[in-house]
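Chemist: Can you read through this structure? Questions will come right after.
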Amino acid sequence: MKIIRSIKKLRAFISNVDNLGFVPTMGYIHKGHLSLVKKSIKKCNKTLVSIYVNPTQFNSKIDFINYPRNLNKDLKILKKNKVDFVFIPKTSEIYKKRNSNKLKVHRNKKILCGKYRKGHFEGVINILNRLLKIINPDFMFLGEKDFQQLFLIKNYVKKKFKVKIIGCKTIRNKNYVALSSRNNLLSKKDLIIASLISKKLMLFKKKVNRNYIYQKNINILKANLIKNYHVSLDYLELRNEKDLTIFKKKNKFRLFVAYYINKVRLIDNF
Ligand code: AMP
């Protein structure tokens with residue numbers, strides 16, 4: 001496994017690779033990330049994982065500082081999982097050049113996390129634009145855990161890059177909590193709460209699928225989560241899977257949630 005820290009070296013290593021798979025991450029690697037890596041290894045000749053905690057997508061400095069990091073452990077895990085290249089960009093190099101054009105993010109950036117984390121998706125698209133220009137992969141693997149991100153990136157890259165995006169299912173622990181680097185910031189008790197919330201939301205989705213009157217009941221559910229688990233909610237919304245518009249009837253939908261347990265922000269969708 002080649003560990004690469006400069007753009008020049010990266011180009012030297014990958015310029016002749018055809019069918020390159022790319023898995024962008026912020027590190028603190030877990031089995032959710034590894035599911036993307038495995039898909040890439042299966043589909044592509046070579047797999048490149050990037051590890052970079054991107055400052056421009058954090059709307060809170062404390063959140064950026066507290067984001068879990070453990071590079072040595074990550075490298076061990078990725079090596080064991082037969083990754084070919086790991087790219088660890090430096091901020092001074094990756095953000096050296098200004099963007100030549102204004103980055104246009106889809107109008108749906110203003111809902112869900114885009115509404116509650118100002119500038120977040122602009123930061124995500126900014127770093128992705130830079131990484132894709134340097135790496136120029138054939139495939140990129142992204143998790144459905146961050147469904148809105150997947151949606152916005154798909155829309156963004158289709159006009160600009162040749163890369164094909166592969167969306168990958170959310171990996172959960174045995175108690176139905178979506179794996180996330182941020183889970184490391186939770187206490188055991190908080191993880192139990194996250195598990196109870198996941199179960200409740202899964203059940204709610206099942207009920208909606210069986211013609212449950214969700215409009216009134218979603219408000220009851222919100223109040224219930226706040227009262228019983230002392231979490232604060234950014235949003236709990238049903239939206240159509242295809243275009244993230246508000247769910248009405250019949251279309252394939254997802255239940256999107258973002259909430260805080262003790263200042264740790266968790267997102268998920270079911
Ligand atoms: P992150 O390091 O959190 O930026 O995530 C890097 C990539 O892994 C993103 O495409 C995420 O959507 C994906 N990912 C994170 N957690 C999971 C999970 N539990 N299951 C599947 N994919 C995930």
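We name chains A, B, ... following the order of the structure tokens; residues begin at 1 in each chain, and ligands are numbered from 1 as shown.
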Please identify all protein, DNA and RNA residues within 10 Å of ligand 1, counting only C-alpha atoms and all ligand atoms, and report them as a VMD selection string.
Modeler: chain A and resid 23 to 37 49 to 54 124 140 to 150 166 to 173 177 to 182 267 to 268
Chemist: Going by DSSP on the backbone, which residues of range 117-260 of chain A come out as strand (DSSP E or B)? List them as JSON, numbers by chain.
Modeler: {"A": [139, 140, 141, 142, 143, 164, 165, 166, 167, 168, 172, 178, 232, 233, 234, 235, 236, 237, 238, 239, 240, 246, 253, 254, 255, 256, 257, 258, 259, 260]}
Chemist: Can you pull out the residues contacting Tyr260 in chain A? Cut-off 7 Å, using only C-alpha atoms, and skip same-chain residues under 3 positions away; I want them as a PyMOL selection string.
Modeler: chain A and resi 231-233+263-266
Chemist: Do you have, as a tab-separated table, the list of residues of range 73-122 of chain A lying at most 10 Å from range 240-253 of chain A, each with its nearest atom pair and that distance in Å to one decimal, counting only C-alpha atoms and ordered by chain then number?
Modeler:
residue	atom	partner	partner_atom	distance
A:Asn108	CA	A:Leu244	CA	7.4
A:Ile111	CA	A:Leu244	CA	8.7
A:Leu112	CA	A:Leu244	CA	9.4
Chemist: Print the selection's residues with N, CA, C and O atoms to a file, as a PDB file, in the first residue's frame.
Modeler:
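out_34.pdb, written as the output of this step:
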ATOM      1  N   ASN A 108     -31.178  21.926  -4.027  1.00  0.00           N
ATOM      2  CA  ASN A 108     -31.534  21.127  -2.851  1.00  0.00           C
ATOM      3  C   ASN A 108     -30.474  21.144  -1.759  1.00  0.00           C
ATOM      4  O   ASN A 108     -30.575  20.442  -0.773  1.00  0.00           O
ATOM      5  N   ILE A 111     -31.964  22.427   1.860  1.00  0.00           N
ATOM      6  CA  ILE A 111     -32.867  21.670   2.737  1.00  0.00           C
ATOM      7  C   ILE A 111     -32.043  20.762   3.643  1.00  0.00           C
ATOM      8  O   ILE A 111     -30.820  20.691   3.508  1.00  0.00           O
ATOM      9  N   LEU A 112     -32.688  20.098   4.562  1.00  0.00           N
ATOM     10  CA  LEU A 112     -32.049  19.118   5.453  1.00  0.00           C
ATOM     11  C   LEU A 112     -30.729  19.666   6.007  1.00  0.00           C
ATOM     12  O   LEU A 112     -30.700  20.749   6.576  1.00  0.00           O
TER      13      LEU A 112
END
Chemist: Neighbouring residues of Lys46 in chain A were defined as those with any atom within 7 Å, considering only C-alpha atoms; residues of the same chain fewer than 4 positions away were excluded. Please report them as a ChimeraX atom specification.
Modeler: /A:19-21,41,84
Chemist: Can you tell me which residues surround range 89-105 of chain A at a distance of at most 12 Å, considering only C-alpha atoms, apart from same-chain residues fewer than 3 positions away, and format the answer as a VMD selection string?
Modeler: chain A and resid 3 to 10 24 to 26 49 to 56 86 108 to 110 114 119 to 135 148 to 149 151 to 157 159 to 160
Chemist: Range 32-127 of chain A: which residues are alpha helix (DSSP H) by DSSP, as a ChimeraX atom specification?
Modeler: /A:32-43,61-66,71-80,91-94,112-116,120-127
Chemist: Nearest to Ser60 in chain A among A:Lys158, A:Lys222, A:Lys206, A:Lys118, with distances taken over only C-alpha atoms: which residue is it?
Modeler: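 Among the listed residues, A:Lys118 lies closest to Ser60 in chain A.
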Chemist: Could you give me, as a PyMOL selection string, the residues within 10 Å of Lys80 in chain A, counting only C-alpha atoms and dropping anything in the same chain fewer than 5 positions from it?
Modeler: chain A and resi 1+74-75
Chemist: With all heavy atoms retained, export the selected residues as a short mmCIF file (atom, residue, chain, number, x, y, z; two decimals), in the first residue's frame.
Modeler:
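Contents of part-v8.cif, as written:
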data_model
loop_
_atom_site.label_atom_id
_atom_site.label_comp_id
_atom_site.auth_asym_id
_atom_site.auth_seq_id
_atom_site.Cartn_x
_atom_site.Cartn_y
_atom_site.Cartn_z
N MET A 1 0.85 -1.19 0.00
CA MET A 1 0.00 0.00 0.00
C MET A 1 0.89 1.25 0.00
O MET A 1 1.77 1.39 0.83
CB MET A 1 -0.90 -0.01 1.25
CG MET A 1 -1.89 1.11 1.29
SD MET A 1 -2.99 1.02 2.73
CE MET A 1 -1.96 1.80 4.00
N ASP A 74 -5.85 3.97 11.12
CA ASP A 74 -6.50 3.94 9.80
C ASP A 74 -5.61 3.24 8.77
O ASP A 74 -6.07 2.39 8.00
CB ASP A 74 -6.77 5.36 9.29
CG ASP A 74 -7.92 6.03 10.03
OD1 ASP A 74 -8.62 5.33 10.79
OD2 ASP A 74 -8.11 7.24 9.85
N LEU A 75 -4.32 3.61 8.77
CA LEU A 75 -3.41 3.05 7.76
C LEU A 75 -3.27 1.54 7.94
O LEU A 75 -3.25 0.78 6.96
CB LEU A 75 -2.04 3.74 7.85
CG LEU A 75 -2.06 5.22 7.44
CD1 LEU A 75 -0.70 5.87 7.67
CD2 LEU A 75 -2.47 5.38 5.98
#
Chemist: Can you measure CA of Ile192 in chain A to CA of Tyr214 in chain A for me? One decimal in Å is fine.
Modeler: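 Those two atoms sit 25.6 Å apart.
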Chemist: Distance CA of Ile14 in chain A-CA of Lys73 in chain A, one decimal place?
Modeler: 24.1 Å
Chemist: Can you measure CA of Arg117 in chain A to CA of Ile193 in chain A for me? One decimal in Å is fine.
Modeler: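 We find that CA of Arg117 in chain A and CA of Ile193 in chain A lie 23.2 Å from each other.
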